[in-house]
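Asks: Sending over data.pdb (PDB, C-alpha atoms).
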```pdb
ATOM      1  CA  MET A1232       4.287  -9.224   5.384
ATOM      2  CA  ARG A1233       3.740  -6.134   7.492
ATOM      3  CA  PHE A1234       1.299  -3.409   6.566
ATOM      4  CA  GLU A1235       3.414  -0.417   5.477
ATOM      5  CA  ILE A1236       1.879   2.612   7.148
ATOM      6  CA  GLU A1237       4.092   5.080   5.245
ATOM      7  CA  LYS A1238       2.809   3.773   1.916
ATOM      8  CA  TYR A1239      -0.743   4.033   3.229
ATOM      9  CA  LYS A1240      -0.141   7.668   4.163
ATOM     10  CA  ASP A1241       0.953   8.319   0.586
ATOM     11  CA  VAL A1242      -2.172   6.851  -1.015
ATOM     12  CA  ALA A1243      -4.752   7.903   1.578
ATOM     13  CA  ALA A1244      -7.222  10.483   0.314
ATOM     14  CA  ARG A1245     -10.849  11.529   0.278
ATOM     15  CA  LEU A1246     -13.035   9.319  -1.865
ATOM     16  CA  ASP A1247     -12.579  10.197  -5.535
ATOM     17  CA  ASP A1248     -16.165  10.738  -6.658
ATOM     18  CA  HIS A1249     -15.700  13.938  -8.648
ATOM     19  CA  ASP A1250     -17.067  12.329 -11.807
ATOM     20  CA  ILE A1251     -20.032  10.573 -10.187
ATOM     21  CA  ASP A1252     -23.245  12.178 -11.476
ATOM     22  CA  TYR A1253     -25.385  11.919  -8.355
ATOM     23  CA  GLY A1254     -28.174  13.762 -10.152
ATOM     24  CA  ALA A1255     -28.588  10.740 -12.412
ATOM     25  CA  PHE A1256     -30.200   8.902  -9.503
ATOM     26  CA  ARG A1257     -33.218  11.162 -10.016
ATOM     27  CA  ASP A1258     -33.696   9.693 -13.482
ATOM     28  CA  GLU A1259     -32.879   6.134 -12.430
ATOM     29  CA  PRO A1260     -33.766   5.945  -8.732
ATOM     30  CA  LEU A1261     -32.940   3.087  -6.428
ATOM     31  CA  ALA A1262     -35.664   0.777  -5.168
ATOM     32  CA  PRO A1263     -36.955   1.386  -1.602
ATOM     33  CA  GLU A1264     -35.135  -1.651  -0.225
ATOM     34  CA  HIS A1265     -31.833  -0.438  -1.653
ATOM     35  CA  LEU A1266     -32.313   3.021  -0.183
ATOM     36  CA  ARG A1267     -33.021   1.424   3.175
ATOM     37  CA  CYS A1268     -29.622  -0.271   3.013
ATOM     38  CA  ILE A1269     -27.977   3.011   1.992
ATOM     39  CA  ARG A1270     -29.495   4.784   5.000
ATOM     40  CA  TYR A1271     -28.050   2.138   7.320
ATOM     41  CA  MET A1272     -24.614   2.334   5.714
ATOM     42  CA  HIS A1273     -24.633   6.140   5.726
ATOM     43  CA  ASP A1274     -25.379   6.265   9.448
ATOM     44  CA  VAL A1275     -22.795   3.631  10.369
ATOM     45  CA  GLU A1276     -20.040   5.202   8.248
ATOM     46  CA  HIS A1277     -20.664   8.545   9.943
ATOM     47  CA  HIS A1278     -20.527   6.845  13.347
ATOM     48  CA  THR A1279     -16.885   5.879  12.713
ATOM     49  CA  VAL A1280     -15.635   8.943  14.586
ATOM     50  CA  CYS A1281     -17.555   7.729  17.646
ATOM     51  CA  TYR A1282     -15.902   4.322  17.352
ATOM     52  CA  LEU A1283     -12.595   6.202  17.129
ATOM     53  CA  ARG A1284     -13.412   7.975  20.379
ATOM     54  CA  ASP A1285     -13.956   4.599  22.048
ATOM     55  CA  LEU A1286     -10.600   3.342  20.749
ATOM     56  CA  LEU A1287      -8.602   6.346  21.893
ATOM     57  CA  VAL A1288      -9.455   5.811  25.571
ATOM     58  CA  THR A1289      -7.627   2.456  25.412
ATOM     59  CA  ARG A1290      -3.974   1.441  25.229
ATOM     60  CA  ALA A1291      -4.255   1.703  21.440
ATOM     61  CA  HIS A1292      -3.581   5.450  21.641
ATOM     62  CA  ARG A1293       0.001   4.736  22.738
ATOM     63  CA  ASP A1294       0.919   3.088  19.434
ATOM     64  CA  PRO A1295       1.781   5.732  16.805
ATOM     65  CA  THR A1296       1.260   3.294  13.937
ATOM     66  CA  VAL A1297      -2.240   2.532  15.171
ATOM     67  CA  THR A1298      -3.128   6.175  15.739
ATOM     68  CA  THR A1299      -1.771   7.180  12.329
ATOM     69  CA  PHE A1300      -3.992   4.583  10.715
ATOM     70  CA  LEU A1301      -7.024   5.506  12.805
ATOM     71  CA  THR A1302      -6.666   9.170  11.868
ATOM     72  CA  ILE A1303      -6.780   8.325   8.164
ATOM     73  CA  TRP A1304      -9.427   5.623   8.659
ATOM     74  CA  ALA A1305     -11.854   8.089  10.249
ATOM     75  CA  PHE A1306     -11.160  10.618   7.484
ATOM     76  CA  GLU A1307     -11.813   8.144   4.678
ATOM     77  CA  GLU A1308     -14.912   6.692   6.331
ATOM     78  CA  MET A1309     -16.338  10.193   6.707
ATOM     79  CA  TRP A1310     -16.098  10.635   2.933
ATOM     80  CA  HIS A1311     -17.760   7.260   2.404
ATOM     81  CA  GLY A1312     -20.669   8.456   4.502
ATOM     82  CA  ASP A1313     -20.700  11.740   2.627
ATOM     83  CA  ALA A1314     -20.959   9.944  -0.730
ATOM     84  CA  LEU A1315     -23.788   7.744   0.509
ATOM     85  CA  GLY A1316     -25.475  10.883   1.812
ATOM     86  CA  ARG A1317     -25.376  12.396  -1.639
ATOM     87  CA  VAL A1318     -27.179   9.317  -2.942
ATOM     88  CA  LEU A1319     -29.875   9.844  -0.319
ATOM     89  CA  GLU A1320     -30.138  13.550  -1.139
ATOM     90  CA  ALA A1321     -30.590  12.738  -4.825
ATOM     91  CA  HIS A1322     -33.668  10.780  -3.732
ATOM     92  CA  GLY A1323     -35.001  13.715  -1.734
ATOM     93  CA  GLU A1324     -33.964  12.325   1.654
ATOM     94  CA  ALA A1325     -32.170  13.996   4.539
ATOM     95  CA  ALA A1326     -28.470  13.224   4.882
ATOM     96  CA  GLY A1327     -25.285  14.711   6.294
ATOM     97  CA  PRO A1328     -25.302  16.854   9.468
ATOM     98  CA  GLU A1329     -29.090  16.941   9.797
ATOM     99  CA  ARG A1330     -29.450  13.171   9.742
ATOM    100  CA  ILE A1331     -26.226  12.471  11.694
ATOM    101  CA  SER A1332     -27.178  14.816  14.547
ATOM    102  CA  ARG A1333     -30.645  13.331  14.828
ATOM    103  CA  HIS A1334     -29.233   9.818  14.866
ATOM    104  CA  ARG A1335     -26.608  10.516  17.544
ATOM    105  CA  HIS A1336     -29.115  12.228  19.807
ATOM    106  CA  SER A1337     -31.441   9.238  19.452
ATOM    107  CA  LEU A1338     -28.832   6.969  21.052
ATOM    108  CA  GLY A1339     -29.231   8.666  24.439
ATOM    109  CA  TRP A1340     -27.305   7.089  27.301
ATOM    110  CA  LYS A1341     -25.721   4.430  25.055
ATOM    111  CA  GLU A1342     -23.831   7.122  23.177
ATOM    112  CA  ARG A1343     -22.642   8.826  26.362
ATOM    113  CA  LEU A1344     -21.433   5.600  27.976
ATOM    114  CA  GLY A1345     -19.864   4.225  24.802
ATOM    115  CA  PRO A1346     -16.180   4.588  25.808
ATOM    116  CA  ILE A1347     -16.560   2.948  29.237
ATOM    117  CA  PRO A1348     -16.470  -0.771  28.235
ATOM    118  CA  SER A1349     -13.378  -0.188  26.085
ATOM    119  CA  MET A1350     -11.689   1.794  28.860
ATOM    120  CA  ILE A1351     -12.361  -0.887  31.479
ATOM    121  CA  GLY A1352     -11.273  -3.698  29.151
ATOM    122  CA  SER A1353      -8.044  -1.894  28.373
ATOM    123  CA  VAL A1354      -7.271  -1.388  32.067
ATOM    124  CA  ILE A1355      -7.911  -5.049  32.876
ATOM    125  CA  ALA A1356      -6.254  -6.671  29.861
ATOM    126  CA  LYS A1357      -2.781  -5.602  28.747
ATOM    127  CA  GLU A1358      -3.354  -7.085  25.268
ATOM    128  CA  PHE A1359      -6.751  -5.463  24.718
ATOM    129  CA  THR A1360      -5.546  -3.724  21.556
ATOM    130  CA  ALA A1361      -5.461  -7.167  19.929
ATOM    131  CA  VAL A1362      -9.194  -7.436  20.590
ATOM    132  CA  HIS A1363      -9.845  -4.091  18.896
ATOM    133  CA  MET A1364      -7.703  -4.926  15.885
ATOM    134  CA  THR A1365      -9.348  -8.325  15.411
ATOM    135  CA  TRP A1366     -12.813  -6.877  15.956
ATOM    136  CA  GLY A1367     -11.993  -4.220  13.380
ATOM    137  CA  ALA A1368     -10.892  -6.866  10.872
ATOM    138  CA  VAL A1369     -14.167  -8.777  11.248
ATOM    139  CA  ASN A1370     -16.168  -5.571  10.897
ATOM    140  CA  GLU A1371     -14.273  -4.475   7.799
ATOM    141  CA  TRP A1372     -14.687  -7.885   6.174
ATOM    142  CA  SER A1373     -18.398  -7.668   6.950
ATOM    143  CA  THR A1374     -18.710  -4.110   5.648
ATOM    144  CA  GLN A1375     -16.929  -4.986   2.422
ATOM    145  CA  SER A1376     -19.281  -7.926   1.949
ATOM    146  CA  GLY A1377     -22.317  -5.746   2.628
ATOM    147  CA  TYR A1378     -21.318  -3.290  -0.079
ATOM    148  CA  ALA A1379     -20.655  -6.119  -2.536
ATOM    149  CA  ARG A1380     -24.046  -7.704  -1.834
ATOM    150  CA  LEU A1381     -25.890  -4.398  -2.182
ATOM    151  CA  SER A1382     -24.168  -3.777  -5.497
ATOM    152  CA  GLN A1383     -25.210  -7.200  -6.701
ATOM    153  CA  LYS A1384     -28.790  -6.878  -5.454
ATOM    154  CA  ALA A1385     -29.382  -3.366  -6.788
ATOM    155  CA  ASP A1386     -27.736  -4.028 -10.167
ATOM    156  CA  HIS A1387     -27.558  -0.267 -10.720
ATOM    157  CA  PRO A1388     -24.475   0.777 -12.769
ATOM    158  CA  LEU A1389     -23.983   4.148 -11.072
ATOM    159  CA  LEU A1390     -24.343   2.713  -7.567
ATOM    160  CA  THR A1391     -22.018  -0.148  -8.472
ATOM    161  CA  ASP A1392     -19.367   2.320  -9.648
ATOM    162  CA  LEU A1393     -19.624   4.293  -6.405
ATOM    163  CA  LEU A1394     -19.547   1.224  -4.163
ATOM    164  CA  LYS A1395     -16.508  -0.183  -5.969
ATOM    165  CA  ARG A1396     -14.620   3.018  -5.158
ATOM    166  CA  ILE A1397     -15.643   2.803  -1.512
ATOM    167  CA  MET A1398     -14.709  -0.884  -1.384
ATOM    168  CA  ARG A1399     -11.257  -0.133  -2.774
ATOM    169  CA  GLN A1400     -10.501   2.050   0.244
ATOM    170  CA  GLU A1401     -12.179  -0.399   2.601
ATOM    171  CA  GLY A1402      -9.763  -3.020   1.291
ATOM    172  CA  ARG A1403      -6.819  -1.061   2.718
ATOM    173  CA  HIS A1404      -8.632  -0.848   6.045
ATOM    174  CA  ILE A1405      -8.975  -4.633   5.957
ATOM    175  CA  ASP A1406      -5.252  -4.978   5.276
ATOM    176  CA  PHE A1407      -4.335  -2.917   8.322
ATOM    177  CA  TYR A1408      -6.715  -4.450  10.836
ATOM    178  CA  SER A1409      -6.086  -8.040   9.766
ATOM    179  CA  SER A1410      -2.302  -7.670   9.710
ATOM    180  CA  GLN A1411      -2.307  -5.993  13.117
ATOM    181  CA  ALA A1412      -4.576  -8.718  14.491
ATOM    182  CA  ALA A1413      -2.341 -11.469  13.122
ATOM    183  CA  GLU A1414       0.830  -9.918  14.569
ATOM    184  CA  ARG A1415      -0.633  -9.242  18.009
ATOM    185  CA  LEU A1416      -2.313 -12.625  18.315
ATOM    186  CA  ASP A1417       0.751 -14.456  17.057
ATOM    187  CA  ARG A1418       3.063 -13.091  19.705
ATOM    188  CA  SER A1419       0.865 -13.421  22.807
ATOM    189  CA  ALA A1420      -1.074 -16.323  24.287
ATOM    190  CA  SER A1421      -2.981 -13.927  26.547
ATOM    191  CA  ALA A1422      -3.992 -11.894  23.487
ATOM    192  CA  ARG A1423      -5.316 -15.057  21.874
ATOM    193  CA  ARG A1424      -7.304 -15.989  24.966
ATOM    194  CA  ILE A1425      -8.888 -12.583  25.588
ATOM    195  CA  THR A1426      -9.652 -12.012  21.901
ATOM    196  CA  ARG A1427     -11.259 -15.411  21.500
ATOM    197  CA  PHE A1428     -13.357 -14.821  24.612
ATOM    198  CA  ALA A1429     -14.415 -11.316  23.522
ATOM    199  CA  LEU A1430     -15.405 -12.322  19.995
ATOM    200  CA  ALA A1431     -17.256 -15.456  21.094
ATOM    201  CA  ARG A1432     -19.205 -13.651  23.817
ATOM    202  CA  PHE A1433     -19.673 -10.097  22.606
ATOM    203  CA  TRP A1434     -19.220  -9.689  18.854
ATOM    204  CA  THR A1435     -22.298  -8.435  17.009
ATOM    205  CA  PRO A1436     -22.771  -7.346  13.385
ATOM    206  CA  VAL A1437     -21.621  -3.905  12.282
ATOM    207  CA  GLY A1438     -24.075  -1.270  13.483
ATOM    208  CA  ALA A1439     -25.665  -3.370  16.229
ATOM    209  CA  GLY A1440     -26.272  -1.180  19.259
ATOM    210  CA  VAL A1441     -26.074   1.917  17.073
ATOM    211  CA  MET A1442     -28.814   1.259  14.547
ATOM    212  CA  PRO A1443     -32.403   0.259  15.421
ATOM    213  CA  PRO A1444     -32.794  -3.539  15.699
ATOM    214  CA  ALA A1445     -35.415  -3.527  12.942
ATOM    215  CA  GLU A1446     -32.922  -1.942  10.539
ATOM    216  CA  LEU A1447     -30.172  -4.428  11.404
ATOM    217  CA  SER A1448     -32.657  -7.266  10.944
ATOM    218  CA  PHE A1449     -33.718  -5.955   7.557
ATOM    219  CA  LEU A1450     -30.128  -5.564   6.365
ATOM    220  CA  ILE A1451     -29.135  -9.111   7.331
ATOM    221  CA  ARG A1452     -32.295 -10.636   5.922
ATOM    222  CA  TYR A1453     -32.154  -8.695   2.663
ATOM    223  CA  LEU A1454     -28.437  -9.043   1.949
ATOM    224  CA  PHE A1455     -27.473 -12.342   3.582
ATOM    225  CA  ALA A1456     -30.511 -14.625   3.908
ATOM    226  CA  ASP A1457     -29.947 -16.585   0.692
ATOM    227  CA  ASP A1458     -27.325 -19.187  -0.156
ATOM    228  CA  ASP A1459     -24.908 -16.522  -1.377
ATOM    229  CA  GLY A1460     -25.286 -14.739   1.962
ATOM    230  CA  ARG A1461     -24.600 -17.959   3.834
ATOM    231  CA  ALA A1462     -21.480 -18.542   1.743
ATOM    232  CA  ILE A1463     -20.244 -15.025   2.510
ATOM    233  CA  ALA A1464     -20.755 -15.481   6.262
ATOM    234  CA  ASP A1465     -18.871 -18.783   6.118
ATOM    235  CA  ARG A1466     -16.041 -17.161   4.139
ATOM    236  CA  ILE A1467     -15.601 -14.399   6.698
ATOM    237  CA  ASP A1468     -15.561 -16.980   9.483
ATOM    238  CA  ARG A1469     -12.835 -18.923   7.658
ATOM    239  CA  ARG A1470     -10.755 -15.747   7.550
ATOM    240  CA  VAL A1471     -11.268 -15.299  11.284
ATOM    241  CA  GLN A1472     -10.315 -18.933  11.892
ATOM    242  CA  ARG A1473      -6.983 -18.422  10.113
ATOM    243  CA  LEU A1474      -5.934 -15.889  12.727
ATOM    244  CA  PRO A1475      -3.817 -17.309  15.567
ATOM    245  CA  GLY A1476      -5.918 -18.838  18.341
ATOM    246  CA  LEU A1477      -9.282 -18.293  16.664
ATOM    247  CA  ASP A1478      -9.783 -21.596  14.873
ATOM    248  CA  GLY A1479     -13.299 -22.975  15.218
ATOM    249  CA  LEU A1480     -15.043 -19.619  15.731
ATOM    250  CA  THR A1481     -18.199 -19.130  13.655
ATOM    251  CA  ILE A1482     -19.287 -15.719  14.920
ATOM    252  CA  VAL A1483     -20.586 -14.313  11.628
ATOM    253  CA  ALA A1484     -22.532 -17.443  10.679
ATOM    254  CA  ASP A1485     -23.876 -17.591  14.259
ATOM    255  CA  ALA A1486     -25.136 -14.000  14.040
ATOM    256  CA  ARG A1487     -26.733 -14.662  10.660
ATOM    257  CA  CYS A1488     -28.460 -17.818  11.877
ATOM    258  CA  LYS A1489     -29.702 -16.100  15.032
ATOM    259  CA  GLU A1490     -31.265 -13.282  13.015
ATOM    260  CA  LEU A1491     -32.852 -15.685  10.543
ATOM    261  CA  GLY A1492     -34.129 -18.039  13.241
ATOM    262  CA  LEU A1493     -31.973 -20.913  11.999
ATOM    263  CA  PRO A1494     -30.049 -23.475  14.078
ATOM    264  CA  PRO A1495     -26.419 -22.480  14.621
ATOM    265  CA  PRO A1496     -23.858 -23.944  12.221
ATOM    266  CA  VAL A1497     -21.833 -26.985  13.157
ATOM    267  CA  ARG A1498     -18.614 -25.711  14.679
ATOM    268  CA  PRO A1499     -15.294 -27.070  13.385
ATOM    269  CA  VAL A1500     -13.274 -29.145  15.839
ATOM    270  CA  ARG A1501     -10.823 -26.861  17.613
ATOM    271  CA  SER A1502      -7.148 -27.672  17.470
ATOM    272  CA  PRO A1503      -5.610 -28.358  20.924
ATOM    273  CA  ALA A1504      -2.584 -26.333  19.854
ATOM    274  CA  SER A1505      -4.567 -23.207  18.976
ATOM    275  CA  LEU A1506      -3.300 -21.252  21.972
ATOM    276  CA  ALA A1507       0.276 -22.465  21.745
ATOM    277  CA  PRO A1508       3.032 -20.060  20.705
ATOM    278  CA  ARG A1509       3.607 -20.000  16.960
ATOM    279  CA  PRO A1510       6.611 -18.968  14.902
ATOM    280  CA  PRO A1511       6.322 -15.673  12.992
ATOM    281  CA  GLN A1512       4.508 -16.088   9.707
ATOM    282  CA  ALA A1513       3.299 -13.988   6.789
ATOM    283  CA  HIS A1514      -0.308 -12.884   7.124
ATOM    284  CA  PRO A1515      -2.360 -13.492   3.953
ATOM    285  CA  TYR A1516      -4.316 -10.231   4.249
ATOM    286  CA  ALA A1517      -1.445  -7.788   4.740
ATOM    287  CA  ALA A1518      -0.772  -5.156   2.111
TER     288      ALA A1518
END
```
Would you encode the structure as structure tokens?
Replies:
Amino acid sequence: MRFEIEKYKDVAARLDDHDIDYGAFRDEPLAPEHLRCIRYMHDVEHHTVCYLRDLLVTRAHRDPTVTTFLTIWAFEEMWHGDALGRVLEAHGEAAGPERISRHRHSLGWKERLGPIPSMIGSVIAKEFTAVHMTWGAVNEWSTQSGYARLSQKADHPLLTDLLKRIMRQEGRHIDFYSSQAAERLDRSASARRITRFALARFWTPVGAGVMPPAELSFLIRYLFADDDGRAIADRIDRRVQRLPGLDGLTIVADARCKELGLPPPVRPVRSPASLAPRPPQAHPYAA
């Protein structure tokens, strides 16, 4: 089932948080560890427009369906960051333009050179858009899981309400990226090869390279170190493995184990036919 971009255009909107009483956080504040997670998520959500910049220098900008989605995606993610910023402000912390500007300037040369790897990859590999769509699917699955884990850990009714609203929109982002990944991988052996290579060699958790390593380490250890976190990492990897040509990959569990100092998970045996052409099939994550 294909993702219907026209339907997405009809339902896309800023985050509906008009009835969220952010001031109530002053009476029932979040714990320091929960605020630390919120800071990370705020900064990464507001970095979406920079990820968009890196995408638009690739072949992806030629596809009007992709660019329509990306336009709305950046808009909705901006409002997610804005909502998280209001949580920070209710706790007396800087958020919004002040914090975003400081964060982007702190990236230095990495921020300025950000589009170059994507540009080079797109020039070299005709099917590089498949890499971006698959990468986006993994990141959205991971982001959704991060919000769910924070909601569970914080056990704060107001935060849970807000995060559920964010997750609802993130679910549509998952639908797009995963359906695009499935379609592009299904129709091209070269797309399967380059995507498998890129994920296995270069994928890192959401925010890596943008957020300080200590903050990434804290987030993974706090949200995903326990058995529930391990189960979530394994579940995301199973979703990746269902995509054409990606069976056997354990990139999320590998990243978790590396951060926690654990031995890597046992990799499933790869099917010899994983790179063979496959007949068209319905993708389980499409809208």
Asks: Do you have the CA of Leu1287 (chain A)-CA of Pro1346 (chain A) distance handy?
Replies: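 Between CA of Leu1287 (chain A) and CA of Pro1346 (chain A) the gap works out to 8.7 Å.
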Asks: What lies within 9 Å of Arg1427 (chain A) using all atoms listed in the file, ignoring chain neighbours under 5 positions off, as a list of chain:residue names?
Replies: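 Result of the neighbour search: A:Val1362, A:Ala1422, A:Arg1432, A:Gly1476, A:Leu1477, A:Leu1480.
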Asks: Please report the interatomic distance between CA of Ile1269 (chain A) and CA of Gly1402 (chain A) in Å with one decimal.
Replies: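 For CA of Ile1269 (chain A) relative to CA of Gly1402 (chain A), the distance reads 19.2 Å.
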Asks: (-15.4, -6.0, 17.0) in this file's frame - what residues fall within 10 Å of it? Use all atoms listed in the file and give the answer as a PyMOL selection string.
Replies: chain A and resi 1362-1371+1426+1429-1430+1433-1437
Asks: Using all atoms listed in the file, can you tell me which of A:Pro1496, A:Arg1284, A:Glu1264, A:Leu1390 comes closest to Arg1452 (chain A)?
Replies: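 Ranking A:Pro1496, A:Arg1284, A:Glu1264, A:Leu1390 by distance to Arg1452 (chain A), first place goes to A:Glu1264.
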Asks: Can you work out which one of A:Arg1380, A:His1273, A:Arg1317, A:Gln1411 has the shortest atom-to-atom distance to Ala1456 (chain A), counting only C-alpha atoms?
Replies: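 Using only C-alpha atoms, the shortest distance to Ala1456 (chain A) belongs to A:Arg1380.
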Asks: Please evaluate the PyMOL selection byres ((chain A and resi 1267) around 12) against the structure above and give the resulting residues as JSON, numbers by chain.
Replies: {"A": [1261, 1262, 1263, 1264, 1265, 1266, 1268, 1269, 1270, 1271, 1272, 1273, 1274, 1315, 1318, 1319, 1322, 1324, 1381, 1385, 1445, 1446, 1447, 1448, 1449, 1450, 1451, 1453, 1454]}
Asks: Kindly write C-alpha atoms of region 1422-1451 of chain A from the structure just given to a file, as an mmCIF file, in the first residue's frame.
Replies:
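To be explicit, this is the file written out as part_36.cif:
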```cif
data_model
loop_
_atom_site.group_PDB
_atom_site.id
_atom_site.type_symbol
_atom_site.label_atom_id
_atom_site.label_comp_id
_atom_site.auth_asym_id
_atom_site.auth_seq_id
_atom_site.Cartn_x
_atom_site.Cartn_y
_atom_site.Cartn_z
ATOM 1 C CA ALA A 1422 19.675 0.471 -4.013
ATOM 2 C CA ARG A 1423 19.712 -2.565 -1.746
ATOM 3 C CA ARG A 1424 23.488 -2.856 -1.936
ATOM 4 C CA ILE A 1425 24.304 0.810 -1.309
ATOM 5 C CA THR A 1426 21.712 1.148 1.460
ATOM 6 C CA ARG A 1427 22.920 -1.958 3.246
ATOM 7 C CA PHE A 1428 26.510 -0.735 3.014
ATOM 8 C CA ALA A 1429 25.642 2.778 4.237
ATOM 9 C CA LEU A 1430 23.583 1.623 7.214
ATOM 10 C CA ALA A 1431 26.079 -1.041 8.277
ATOM 11 C CA ARG A 1432 29.061 1.312 8.064
ATOM 12 C CA PHE A 1433 27.746 4.764 8.884
ATOM 13 C CA TRP A 1434 24.425 4.735 10.735
ATOM 14 C CA THR A 1435 24.521 6.303 14.196
ATOM 15 C CA PRO A 1436 21.720 7.108 16.656
ATOM 16 C CA VAL A 1437 19.574 10.189 16.130
ATOM 17 C CA GLY A 1438 21.490 13.298 17.165
ATOM 18 C CA ALA A 1439 24.965 11.761 16.954
ATOM 19 C CA GLY A 1440 27.345 14.298 15.457
ATOM 20 C CA VAL A 1441 24.948 17.098 16.365
ATOM 21 C CA MET A 1442 24.641 16.670 20.112
ATOM 22 C CA PRO A 1443 27.591 16.370 22.530
ATOM 23 C CA PRO A 1444 28.704 12.733 22.971
ATOM 24 C CA ALA A 1445 28.026 12.920 26.710
ATOM 25 C CA GLU A 1446 24.392 13.834 26.035
ATOM 26 C CA LEU A 1447 23.921 11.018 23.517
ATOM 27 C CA SER A 1448 25.493 8.602 25.996
ATOM 28 C CA PHE A 1449 23.182 9.746 28.765
ATOM 29 C CA LEU A 1450 20.084 9.418 26.583
ATOM 30 C CA ILE A 1451 20.898 5.863 25.490
#
```
